[in-house]
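The structure under discussion appears below in the form of structure tokens.
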Amino acid sequence: MNADAPYGARADRYDAMPYRRCGRNGLKLPPLSLGLWQNFGGVDSADNSRAILLRAFDLGVTHFDLANNYGPPYGSAEVTFGRVLQRDLAPYRDELVISTKAGYDMWPGPYGDWGSRKYLMASLDQSLKRMGLEYVDIFYSHRPDPNTPIAETMGALEQAVRSGKSLYVGISNYDAAQTRDALNVLRTLNLPCLLHQMKYSMFERTPEHGLFETLDANGVGGIAFSPLAQGMLTNRYLKDIPADSRAGKPGRSLAPADLTAAHRAQISALAEIAAARGQSLAQLALAWTLRQPCMTSALIGASRIEQLEDNLGALRNLAFEAAELAKIDGILSSDSGR
Ligand SMILES: NC(=O)c1ccc[n+]([C@@H]2O[C@H](COP(=O)([O-])OP(=O)(O)OC[C@H]3O[C@@H](n4cnc5c(N)ncnc54)[C@H](OP(=O)(O)O)[C@@H]3O)[C@@H](O)[C@H]2O)c1
């Protein structure tokens, strides 16, 4: 796209996207949502970031996921998003679901991390300012805090909603027992939990042991993060580690050592199954994640438009034969070298 041209959203953007409800809540999300953890920071190309965001919206992706410290530097992904919002997406604010979170390291001292009311409320105010927003759609507790009573953290989420700074609340990285504790408190506050954001992919199946059951039983939507295992479950690393990839760049959250021999063997075997289904490996991995009944959406990252488009192609085939799932289980359990 021409970086100087004024933006107008495509008229057909809602024609093909099969939106899903967040558990038993009224809000619907696209089955694939875009996360701004990486590729949208102050160190990244603003033109590329804008192009990916606008292409996503044109293709029916209405949900954009942020956190206070996405960047680098911390906060800069919210600044990038706020600029695109002001310049291009402001007329569409009511068509967007924007989330942010607080819970990890953000600023120095005892009030810039974890789960106190002090931190969560100050952080939300900062996020709103960086994005130029009056409210976000979803505010998350980014992780459980063993040293703050769950009633305080959930009370802060409630305060965010009652004060009009967020429409809905969610939790992230809470295990099944911690989730039940949080839901019990939210119930006493008469505040539904919209979403639980968990790490889930073919390479990270922990949520299958209790968490999904808890979400189903309580009508909470699931939203999976890193469904492509940060790019490992794509064609990115089939041959080598490209210099411009997440694993190829120094200091990133994925290191060359994460691509073990066992992973490489699994990736190659999974790529064959994908090819037999007429899908890319990324499409197979996303469809597999979305097969869980509680799963409202999977949160993808993308460093270029082509990846976004490839990933959205997953929605053309989300169905699995039992034999395919069994074959995938077989590949994923042959991982003793990991
Ligand atoms: N709640 C939490 O604690 C938490 C934690 C982590 C993430 N998240 C959320 O989840 C979002 C997604 O996380 P993620 O970025 O790790 O997700 P991911 O989708 O597993 O990985 C994204 C990366 O995979 C590569 N990729 C994506 N599509 C591709 C394709 N079709 N072909 C080849 N390579 C492809 C790109 O890497 P290259 O850069 O190498 O091109 C891209 O940056 C985040 O932005 C954030 O919103 C939340």
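As shown in the structure tokens, the chain order sets the letters A, B, ...; within each chain, residues go from 1, and ligands are also counted from 1 in the order they appear.
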Show me a table, sorted first by chain and then by increasing residue number, of the residues of chain A having an atom at most 6 Å from ligand 1, each with its shortest atom pair and the distance in Å to one decimal, counting only C-alpha atoms and all ligand atoms and written as CSV.
residue,atom,partner,partner_atom_place_in_ligand_line,distance
A:Gly35,CA,ligand 1,45 (O),3.1
A:Leu36,CA,ligand 1,45 (O),4.1
A:Trp37,CA,ligand 1,45 (O),3.6
A:Gln38,CA,ligand 1,45 (O),5.9
A:Asp65,CA,ligand 1,47 (O),4.7
A:Leu66,CA,ligand 1,47 (O),5.4
A:His142,CA,ligand 1,1 (N),5.8
A:Ser172,CA,ligand 1,1 (N),5.3
A:Gln197,CA,ligand 1,1 (N),5.7
A:Phe225,CA,ligand 1,10 (O),3.9
A:Ser226,CA,ligand 1,20 (O),3.2
A:Pro227,CA,ligand 1,20 (O),4.4
A:Leu228,CA,ligand 1,20 (O),3.3
A:Ala229,CA,ligand 1,20 (O),4.2
A:Gln230,CA,ligand 1,21 (O),3.3
A:Gly231,CA,ligand 1,24 (O),3.2
A:Thr234,CA,ligand 1,33 (C),4.8
A:Asn235,CA,ligand 1,33 (C),5.4
A:Arg236,CA,ligand 1,33 (C),4.7
A:Ser245,CA,ligand 1,40 (O),3.3
A:Arg246,CA,ligand 1,40 (O),3.9
A:Ala282,CA,ligand 1,31 (N),5.3
A:Leu299,CA,ligand 1,11 (C),4.8
A:Ile300,CA,ligand 1,19 (O),3.6
A:Gly301,CA,ligand 1,15 (O),3.6
A:Ala302,CA,ligand 1,42 (C),4.1
A:Ser303,CA,ligand 1,41 (O),4.7
A:Gln307,CA,ligand 1,31 (N),3.8
A:Asp310,CA,ligand 1,31 (N),4.9
A:Asn311,CA,ligand 1,31 (N),5.0
Range 65-144 of chain A: residues DSSP assigns to helix (DSSP H, G or I), reported as a PyMOL selection string: chain A and resi 76-95+117-131
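Nearest residue to Arg13 in chain A, choosing from A:Arg162, A:Arg50, A:Arg55, A:Lys118 and counting only C-alpha atoms: A:Arg55.
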Can you list every residue in range 28-69 of chain A that DSSP puts in strand (DSSP E), as a PDB file with N, CA and C atoms, in the first residue's frame?
ATOM      1  N   LYS A  28     -18.167 -10.960  20.535  1.00  0.00           N
ATOM      2  CA  LYS A  28     -17.594 -11.918  19.582  1.00  0.00           C
ATOM      3  C   LYS A  28     -16.232 -11.426  19.096  1.00  0.00           C
ATOM      4  N   LEU A  29     -15.363 -12.379  18.823  1.00  0.00           N
ATOM      5  CA  LEU A  29     -14.036 -12.044  18.287  1.00  0.00           C
ATOM      6  C   LEU A  29     -13.783 -12.866  17.037  1.00  0.00           C
ATOM      7  N   LEU A  32      -9.036 -15.544  14.581  1.00  0.00           N
ATOM      8  CA  LEU A  32      -7.615 -15.153  14.622  1.00  0.00           C
ATOM      9  C   LEU A  32      -7.548 -13.660  14.927  1.00  0.00           C
ATOM     10  N   SER A  33      -6.785 -13.329  15.962  1.00  0.00           N
ATOM     11  CA  SER A  33      -6.616 -11.939  16.370  1.00  0.00           C
ATOM     12  C   SER A  33      -5.132 -11.601  16.270  1.00  0.00           C
ATOM     13  N   LEU A  34      -4.834 -10.301  16.222  1.00  0.00           N
ATOM     14  CA  LEU A  34      -3.435  -9.898  16.021  1.00  0.00           C
ATOM     15  C   LEU A  34      -2.837  -9.342  17.310  1.00  0.00           C
ATOM     16  N   GLY A  35      -1.689  -9.878  17.689  1.00  0.00           N
ATOM     17  CA  GLY A  35      -0.982  -9.423  18.879  1.00  0.00           C
ATOM     18  C   GLY A  35       0.189  -8.525  18.503  1.00  0.00           C
ATOM     19  N   HIS A  63      -9.816  -7.614  16.382  1.00  0.00           N
ATOM     20  CA  HIS A  63      -9.247  -7.621  17.725  1.00  0.00           C
ATOM     21  C   HIS A  63      -7.730  -7.467  17.697  1.00  0.00           C
ATOM     22  N   PHE A  64      -7.239  -6.492  18.464  1.00  0.00           N
ATOM     23  CA  PHE A  64      -5.810  -6.211  18.561  1.00  0.00           C
ATOM     24  C   PHE A  64      -5.413  -6.272  20.035  1.00  0.00           C
ATOM     25  N   ASP A  65      -4.378  -7.065  20.288  1.00  0.00           N
ATOM     26  CA  ASP A  65      -3.992  -7.339  21.675  1.00  0.00           C
ATOM     27  C   ASP A  65      -2.668  -6.671  22.028  1.00  0.00           C
TER      28      ASP A  65
END
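As for CA of Leu194 in chain A and CA of Arg20 in chain A, they are spaced 12.6 Å apart.
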Could you tell me which of A:Ala156, A:Ile98, A:Ala261, A:Met17 comes closest to Ser334 in chain A if we count only C-alpha atoms?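 Of the candidates, the smallest distance to Ser334 in chain A is held by A:Ala261.
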Test item: residues at most 10 Å from Ala122 in chain A, only C-alpha atoms, excluding those fewer than 6 positions along its chain, as a list in words: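 The residues satisfying every condition are Ala102, Tyr111 and Gly112 of chain A.
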I need the residue nearest Asp88 in chain A from this list: A:Ile223, A:Asp4, A:Ala262, A:Arg143. Use only C-alpha atoms for the distance.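 Of the candidates, the smallest distance to Asp88 in chain A is held by A:Asp4.
Proximity ranking of A:Glu134, A:Ala217, A:Leu157, A:Met295 relative to Met198 in chain A places A:Met295 first, based on only C-alpha atoms.
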Please provide the set of residues having any atom within 10 Å of Gly132 in chain A, restricted to only C-alpha atoms, with same-chain residues fewer than 4 positions apart removed, written as a compact mmCIF listing (two decimals) with C-alpha atoms, in the first residue's frame.
# COMPACT_ATOMS: atom_id res chain seq x y z
CA GLU A 78 0.85 1.07 22.42
CA VAL A 79 2.30 4.29 21.00
CA PHE A 81 -1.02 1.43 17.77
CA GLY A 82 -2.29 4.80 19.03
CA ARG A 83 -0.74 6.56 16.02
CA LEU A 85 -5.64 4.57 15.44
CA GLN A 86 -5.52 8.35 15.27
CA GLN A 126 -0.69 5.08 31.23
CA SER A 127 -1.86 2.66 28.52
CA LEU A 128 -4.91 4.78 27.74
Can you work out the spacing between CA of Ser201 in chain A and CA of Gly219 in chain A in Å, to one decimal?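 Answer for the CA of Ser201 in chain A to CA of Gly219 in chain A separation: 21.4 Å.
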Contacts of Gly210 in chain A within 9 Å, only C-alpha atoms, excl. fewer than 4 positions in-chain, as a list in words: Asp175, Ala176, Ala177, Thr206, Thr214 and Leu215 of chain A
Can you spit out the residues from that selection as a PDB file, in the first residue's frame, using C-alpha atoms?
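Wrote it out as out-v5.pdb, contents follow:
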ATOM      1  CA  ASP A 175      -3.362 -22.081  35.940  1.00  0.00           C
ATOM      2  CA  ALA A 176      -6.592 -24.014  36.479  1.00  0.00           C
ATOM      3  CA  ALA A 177      -6.666 -23.629  40.290  1.00  0.00           C
ATOM      4  CA  THR A 206      -0.405 -27.814  29.483  1.00  0.00           C
ATOM      5  CA  THR A 214     -12.492 -24.933  33.912  1.00  0.00           C
ATOM      6  CA  LEU A 215     -13.114 -22.403  31.139  1.00  0.00           C
TER       7      LEU A 215
END
Report the distance between CA of Arg130 in chain A and CA of Ser99 in chain A in Å, rounded to one decimal place.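 CA of Ser99 in chain A lies at a distance of 13.1 Å from CA of Arg130 in chain A.
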With distances taken over only C-alpha atoms, the candidate from A:Ala243, A:Leu286, A:Ile331, A:Ala90 nearest Leu312 in chain A is A:Leu286
Between A:Ala274, A:Ala77, A:Leu233, A:Ile328, single out the one closest to Asn39 in chain A, counting only C-alpha atoms.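 Ranked by minimum distance to Asn39 in chain A, first place goes to A:Ala77.
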For Met121 in chain A, please output as an MDAnalysis selection string all residues within 12 Å (counting only C-alpha atoms; exclusion window: fewer than 3 positions along the same chain). chainID A and resid 68 101:103 111:118 124:128 139:141 152:161 163 165:166
